[in-house]
Amino acid sequence: MTGSWRVVFLLLLCVEAAVLAVLETMFLPLRFDGTLLPDLGDWPFPIMILVAGVTTPLLVSWAAGMSQRVLTAALPLLVWFFTLMVFGYLEPGSNSSTPVLLLQDWRGLLMLAAGAFPGAVAVGAVMARNAANRPGLYEPAGIQ
């Protein structure tokens with residue numbers, strides 16, 4: 001893959017991460033209340049937590065396949081995280097003074113953890129792969 005196609009693909013991955021963060025934030029408050037889903041006693045339906053847990057490390061691994069740089073691999077995770085913060089906590093365009101999307105209950109924190117932790121583990125795997133492919137640059141402490 002040539003350099004210009006890698007940049008385009010990385011930009012598309014970042015746009016996808018931002019779109020996923022917005023959609024996950026907007027659909028996080030889904031409940032079985034009879035409005036959009038069937039009425040089953042007003043139970044929460046946090047499917048977006050699972051979506052965040054699957055897609056974020058997947059985007060990181062796709063970005064890691066394009067380059068050995070850690071920043072390239074971490075860029076979709078960073079875009080996802082900052083988009084989640086902007087749309088989940090700042091809520092642009094909201095009329096209320098209190099945030100309601102991510103601060104309403106346990107689902108907001110769980111979605112943040114479900115997307116950020118596996119994504120961070122995927123970035124750590126890229127760092128470990130880089131360390132294994134460059135012996136001599138990363139020596140363990142205590143060896144002289």
# chains A, B, ... in the order shown; residues from 1 in each chain; ligands from 1
$ residues_around --residues "stretch 59-68 of chain A" --least-positions-apart "4" --cutoff "9 Å" --atoms "only C-alpha atoms" --output "list in words"
Met1, Arg6, Phe9, Leu10, Leu13, Cys14, Glu16, Ala17, Thr55, Thr72, Ala73, Ala74, Leu75, Pro76, Leu77, Gly119, Ala120, Ala122, Val123, Val126, Met127, Arg129 and Asn130 of chain A
$ write_last_selection --atoms "N, CA and C atoms" --output "mmCIF file, in the first residue's frame"
data_model
loop_
_atom_site.group_PDB
_atom_site.id
_atom_site.type_symbol
_atom_site.label_atom_id
_atom_site.label_comp_id
_atom_site.auth_asym_id
_atom_site.auth_seq_id
_atom_site.Cartn_x
_atom_site.Cartn_y
_atom_site.Cartn_z
ATOM 1 N N MET A 1 0.852 -1.166 0.000
ATOM 2 C CA MET A 1 0.000 0.000 0.000
ATOM 3 C C MET A 1 0.900 1.233 0.000
ATOM 4 N N ARG A 6 -2.337 4.948 2.541
ATOM 5 C CA ARG A 6 -2.324 4.704 3.982
ATOM 6 C C ARG A 6 -2.904 5.881 4.743
ATOM 7 N N PHE A 9 -6.670 5.829 4.225
ATOM 8 C CA PHE A 9 -7.272 4.759 5.009
ATOM 9 C C PHE A 9 -7.277 5.109 6.497
ATOM 10 N N LEU A 10 -6.201 5.714 6.980
ATOM 11 C CA LEU A 10 -6.152 6.121 8.377
ATOM 12 C C LEU A 10 -7.179 7.210 8.673
ATOM 13 N N LEU A 13 -10.490 5.533 8.960
ATOM 14 C CA LEU A 13 -10.619 4.865 10.245
ATOM 15 C C LEU A 13 -10.940 5.859 11.358
ATOM 16 N N CYS A 14 -10.344 7.032 11.296
ATOM 17 C CA CYS A 14 -10.613 8.064 12.311
ATOM 18 C C CYS A 14 -12.037 8.603 12.181
ATOM 19 N N GLU A 16 -14.522 6.879 10.980
ATOM 20 C CA GLU A 16 -15.363 5.789 11.467
ATOM 21 C C GLU A 16 -15.385 5.737 12.992
ATOM 22 N N ALA A 17 -14.249 5.979 13.626
ATOM 23 C CA ALA A 17 -14.193 5.998 15.084
ATOM 24 C C ALA A 17 -15.058 7.130 15.642
ATOM 25 N N THR A 55 -15.711 -2.801 18.479
ATOM 26 C CA THR A 55 -15.231 -1.992 17.353
ATOM 27 C C THR A 55 -13.972 -1.198 17.652
ATOM 28 N N THR A 72 0.116 5.888 15.137
ATOM 29 C CA THR A 72 -0.791 5.484 14.060
ATOM 30 C C THR A 72 -1.814 4.491 14.576
ATOM 31 N N ALA A 73 -1.369 3.554 15.391
ATOM 32 C CA ALA A 73 -2.297 2.565 15.941
ATOM 33 C C ALA A 73 -3.248 3.195 16.953
ATOM 34 N N ALA A 74 -2.780 4.151 17.720
ATOM 35 C CA ALA A 74 -3.596 4.742 18.784
ATOM 36 C C ALA A 74 -4.535 5.833 18.281
ATOM 37 N N LEU A 75 -4.344 6.305 17.077
ATOM 38 C CA LEU A 75 -5.146 7.423 16.583
ATOM 39 C C LEU A 75 -6.651 7.140 16.562
ATOM 40 N N PRO A 76 -7.129 5.986 16.080
ATOM 41 C CA PRO A 76 -8.582 5.749 16.165
ATOM 42 C C PRO A 76 -9.102 5.713 17.594
ATOM 43 N N LEU A 77 -8.323 5.173 18.514
ATOM 44 C CA LEU A 77 -8.731 5.156 19.922
ATOM 45 C C LEU A 77 -8.818 6.572 20.480
ATOM 46 N N GLY A 119 -9.221 -1.147 23.636
ATOM 47 C CA GLY A 119 -8.435 -0.356 22.686
ATOM 48 C C GLY A 119 -7.029 -0.099 23.196
ATOM 49 N N ALA A 120 -6.909 0.177 24.497
ATOM 50 C CA ALA A 120 -5.587 0.383 25.088
ATOM 51 C C ALA A 120 -4.776 -0.910 25.093
ATOM 52 N N ALA A 122 -5.037 -3.211 22.811
ATOM 53 C CA ALA A 122 -4.608 -3.374 21.419
ATOM 54 C C ALA A 122 -3.410 -2.475 21.113
ATOM 55 N N VAL A 123 -3.386 -1.261 21.652
ATOM 56 C CA VAL A 123 -2.219 -0.387 21.479
ATOM 57 C C VAL A 123 -1.012 -0.981 22.190
ATOM 58 N N VAL A 126 0.566 -3.553 20.056
ATOM 59 C CA VAL A 126 1.407 -2.949 19.019
ATOM 60 C C VAL A 126 2.766 -2.574 19.596
ATOM 61 N N MET A 127 2.765 -2.027 20.805
ATOM 62 C CA MET A 127 4.033 -1.677 21.441
ATOM 63 C C MET A 127 4.870 -2.925 21.722
ATOM 64 N N ARG A 129 4.731 -5.765 20.050
ATOM 65 C CA ARG A 129 5.197 -6.257 18.751
ATOM 66 C C ARG A 129 6.397 -5.453 18.269
ATOM 67 N N ASN A 130 6.354 -4.154 18.458
ATOM 68 C CA ASN A 130 7.489 -3.317 18.070
ATOM 69 C C ASN A 130 8.722 -3.649 18.887
#
$ select_by_dssp --residues "stretch 24-130 of chain A" --states "strand (DSSP E)" --output "PyMOL selection string"
chain A and resi 31-33+39-44
$ residues_around --residues "A:Met26" --least-positions-apart "2" --cutoff "10 Å" --atoms "only C-alpha atoms" --output "mmCIF file with N, CA, C and O atoms, in the first residue's frame"
data_model
loop_
_atom_site.group_PDB
_atom_site.id
_atom_site.type_symbol
_atom_site.label_atom_id
_atom_site.label_comp_id
_atom_site.auth_asym_id
_atom_site.auth_seq_id
_atom_site.Cartn_x
_atom_site.Cartn_y
_atom_site.Cartn_z
ATOM 1 N N LEU A 20 -18.768 6.190 15.122
ATOM 2 C CA LEU A 20 -19.150 5.167 16.084
ATOM 3 C C LEU A 20 -19.326 5.755 17.483
ATOM 4 O O LEU A 20 -20.258 5.390 18.201
ATOM 5 N N ALA A 21 -18.456 6.672 17.869
ATOM 6 C CA ALA A 21 -18.582 7.291 19.195
ATOM 7 C C ALA A 21 -19.882 8.082 19.306
ATOM 8 O O ALA A 21 -20.564 8.025 20.337
ATOM 9 N N VAL A 22 -20.248 8.802 18.259
ATOM 10 C CA VAL A 22 -21.495 9.574 18.278
ATOM 11 C C VAL A 22 -22.701 8.638 18.330
ATOM 12 O O VAL A 22 -23.623 8.834 19.128
ATOM 13 N N LEU A 23 -22.700 7.597 17.494
ATOM 14 C CA LEU A 23 -23.825 6.664 17.488
ATOM 15 C C LEU A 23 -23.939 5.901 18.804
ATOM 16 O O LEU A 23 -25.047 5.690 19.309
ATOM 17 N N GLU A 24 -22.805 5.492 19.356
ATOM 18 C CA GLU A 24 -22.836 4.789 20.640
ATOM 19 C C GLU A 24 -23.366 5.690 21.744
ATOM 20 O O GLU A 24 -24.103 5.237 22.624
ATOM 21 N N LEU A 28 -27.036 4.868 23.544
ATOM 22 C CA LEU A 28 -26.791 4.303 24.868
ATOM 23 C C LEU A 28 -28.021 4.342 25.773
ATOM 24 O O LEU A 28 -28.261 3.389 26.512
ATOM 25 N N PRO A 29 -28.850 5.391 25.736
ATOM 26 C CA PRO A 29 -30.014 5.417 26.634
ATOM 27 C C PRO A 29 -31.189 4.524 26.222
ATOM 28 O O PRO A 29 -32.266 4.640 26.790
ATOM 29 N N LEU A 30 -31.012 3.624 25.249
ATOM 30 C CA LEU A 30 -32.113 2.749 24.839
ATOM 31 C C LEU A 30 -32.639 1.947 26.026
ATOM 32 O O LEU A 30 -31.883 1.443 26.845
ATOM 33 N N MET A 48 -24.900 -0.834 23.055
ATOM 34 C CA MET A 48 -23.806 0.005 22.564
ATOM 35 C C MET A 48 -22.517 -0.220 23.351
ATOM 36 O O MET A 48 -21.433 0.048 22.842
ATOM 37 N N PHE A 87 -19.272 14.660 22.773
ATOM 38 C CA PHE A 87 -20.702 14.439 22.582
ATOM 39 C C PHE A 87 -21.379 13.828 23.804
ATOM 40 O O PHE A 87 -22.578 13.983 23.978
ATOM 41 N N GLY A 88 -20.644 13.163 24.646
ATOM 42 C CA GLY A 88 -21.255 12.545 25.807
ATOM 43 C C GLY A 88 -21.329 13.440 27.022
ATOM 44 O O GLY A 88 -22.289 13.382 27.784
ATOM 45 N N LEU A 101 -26.517 12.336 28.725
ATOM 46 C CA LEU A 101 -26.167 11.182 27.899
ATOM 47 C C LEU A 101 -25.247 10.198 28.607
ATOM 48 O O LEU A 101 -25.523 9.016 28.667
ATOM 49 N N LEU A 102 -24.141 10.649 29.138
ATOM 50 C CA LEU A 102 -23.207 9.718 29.757
ATOM 51 C C LEU A 102 -23.200 9.774 31.278
ATOM 52 O O LEU A 102 -22.654 8.888 31.917
#
$ residues_around --residues "A:Ala114" --least-positions-apart "6" --cutoff "10 Å" --atoms "only C-alpha atoms" --output "MDAnalysis selection string"
chainID A and resid 48:54 56:57 108
$ atom_distance --atom1 "atom CA of A:Ala116" --atom2 "atom CA of A:Trp5"
27.0 Å
$ select_by_dssp --residues "stretch 11-127 of chain A" --states "helix (DSSP H, G or I)" --output "MDAnalysis selection string"
chainID A and resid 11:27 47:64 70:90 106:127
$ closest_residue --among "A:Pro118, A:Asp33, A:Pro46, A:Thr25" --to "A:Leu90" --atoms "only C-alpha atoms"
A:Thr25
$ decode --residues "stretch 51-62 of chain A" --atoms "all heavy atoms" --output "mmCIF file, in the first residue's frame"
data_model
loop_
_atom_site.group_PDB
_atom_site.id
_atom_site.type_symbol
_atom_site.label_atom_id
_atom_site.label_comp_id
_atom_site.auth_asym_id
_atom_site.auth_seq_id
_atom_site.Cartn_x
_atom_site.Cartn_y
_atom_site.Cartn_z
ATOM 1 N N VAL A 51 -20.958 -2.949 21.428
ATOM 2 C CA VAL A 51 -20.461 -2.410 20.152
ATOM 3 C C VAL A 51 -19.140 -1.665 20.369
ATOM 4 O O VAL A 51 -18.190 -1.826 19.602
ATOM 5 C CB VAL A 51 -21.527 -1.487 19.504
ATOM 6 C CG1 VAL A 51 -20.967 -0.754 18.304
ATOM 7 C CG2 VAL A 51 -22.744 -2.294 19.102
ATOM 8 N N ALA A 52 -19.063 -0.871 21.426
ATOM 9 C CA ALA A 52 -17.823 -0.148 21.721
ATOM 10 C C ALA A 52 -16.691 -1.110 22.060
ATOM 11 O O ALA A 52 -15.543 -0.906 21.651
ATOM 12 C CB ALA A 52 -18.038 0.827 22.873
ATOM 13 N N GLY A 53 -17.001 -2.161 22.793
ATOM 14 C CA GLY A 53 -15.977 -3.128 23.175
ATOM 15 C C GLY A 53 -15.435 -3.938 22.013
ATOM 16 O O GLY A 53 -14.313 -4.434 22.067
ATOM 17 N N VAL A 54 -16.219 -4.078 20.961
ATOM 18 C CA VAL A 54 -15.778 -4.846 19.793
ATOM 19 C C VAL A 54 -15.118 -3.951 18.746
ATOM 20 O O VAL A 54 -14.070 -4.294 18.186
ATOM 21 C CB VAL A 54 -16.971 -5.616 19.182
ATOM 22 C CG1 VAL A 54 -16.608 -6.234 17.848
ATOM 23 C CG2 VAL A 54 -17.456 -6.673 20.140
ATOM 24 N N THR A 55 -15.711 -2.801 18.479
ATOM 25 C CA THR A 55 -15.231 -1.992 17.353
ATOM 26 C C THR A 55 -13.972 -1.198 17.652
ATOM 27 O O THR A 55 -13.144 -1.013 16.754
ATOM 28 C CB THR A 55 -16.326 -1.018 16.877
ATOM 29 O OG1 THR A 55 -16.717 -0.175 17.963
ATOM 30 C CG2 THR A 55 -17.515 -1.766 16.327
ATOM 31 N N THR A 56 -13.799 -0.729 18.863
ATOM 32 C CA THR A 56 -12.624 0.094 19.166
ATOM 33 C C THR A 56 -11.318 -0.674 19.012
ATOM 34 O O THR A 56 -10.409 -0.201 18.319
ATOM 35 C CB THR A 56 -12.751 0.721 20.562
ATOM 36 O OG1 THR A 56 -13.999 1.384 20.654
ATOM 37 C CG2 THR A 56 -11.641 1.720 20.801
ATOM 38 N N PRO A 57 -11.162 -1.876 19.597
ATOM 39 C CA PRO A 57 -9.911 -2.600 19.344
ATOM 40 C C PRO A 57 -9.764 -3.049 17.897
ATOM 41 O O PRO A 57 -8.645 -3.180 17.391
ATOM 42 C CB PRO A 57 -9.967 -3.796 20.294
ATOM 43 C CG PRO A 57 -11.329 -3.862 20.806
ATOM 44 C CD PRO A 57 -11.982 -2.541 20.599
ATOM 45 N N LEU A 58 -10.882 -3.259 17.224
ATOM 46 C CA LEU A 58 -10.818 -3.632 15.807
ATOM 47 C C LEU A 58 -10.251 -2.486 14.971
ATOM 48 O O LEU A 58 -9.385 -2.698 14.112
ATOM 49 C CB LEU A 58 -12.213 -4.021 15.322
ATOM 50 C CG LEU A 58 -12.320 -4.585 13.921
ATOM 51 C CD1 LEU A 58 -11.560 -5.898 13.830
ATOM 52 C CD2 LEU A 58 -13.774 -4.794 13.565
ATOM 53 N N LEU A 59 -10.694 -1.269 15.245
ATOM 54 C CA LEU A 59 -10.157 -0.105 14.533
ATOM 55 C C LEU A 59 -8.675 0.092 14.839
ATOM 56 O O LEU A 59 -7.887 0.435 13.953
ATOM 57 C CB LEU A 59 -10.939 1.156 14.912
ATOM 58 C CG LEU A 59 -12.388 1.234 14.438
ATOM 59 C CD1 LEU A 59 -13.061 2.456 15.017
ATOM 60 C CD2 LEU A 59 -12.464 1.236 12.938
ATOM 61 N N VAL A 60 -8.291 -0.132 16.089
ATOM 62 C CA VAL A 60 -6.879 -0.005 16.465
ATOM 63 C C VAL A 60 -6.030 -1.044 15.740
ATOM 64 O O VAL A 60 -4.953 -0.735 15.226
ATOM 65 C CB VAL A 60 -6.710 -0.114 17.996
ATOM 66 C CG1 VAL A 60 -5.252 -0.251 18.381
ATOM 67 C CG2 VAL A 60 -7.320 1.103 18.677
ATOM 68 N N SER A 61 -6.524 -2.258 15.660
ATOM 69 C CA SER A 61 -5.737 -3.298 14.975
ATOM 70 C C SER A 61 -5.642 -3.032 13.483
ATOM 71 O O SER A 61 -4.613 -3.319 12.868
ATOM 72 C CB SER A 61 -6.326 -4.676 15.247
ATOM 73 O OG SER A 61 -7.610 -4.792 14.679
ATOM 74 N N TRP A 62 -6.682 -2.495 12.874
ATOM 75 C CA TRP A 62 -6.599 -2.130 11.451
ATOM 76 C C TRP A 62 -5.594 -1.012 11.235
ATOM 77 O O TRP A 62 -4.832 -1.029 10.271
ATOM 78 C CB TRP A 62 -7.955 -1.712 10.924
ATOM 79 C CG TRP A 62 -8.911 -2.850 10.705
ATOM 80 C CD1 TRP A 62 -8.611 -4.182 10.661
ATOM 81 C CD2 TRP A 62 -10.308 -2.744 10.522
ATOM 82 N NE1 TRP A 62 -9.750 -4.909 10.459
ATOM 83 C CE2 TRP A 62 -10.807 -4.057 10.370
ATOM 84 C CE3 TRP A 62 -11.192 -1.686 10.477
ATOM 85 C CZ2 TRP A 62 -12.157 -4.327 10.163
ATOM 86 C CZ3 TRP A 62 -12.530 -1.958 10.275
ATOM 87 C CH2 TRP A 62 -13.009 -3.254 10.115
#
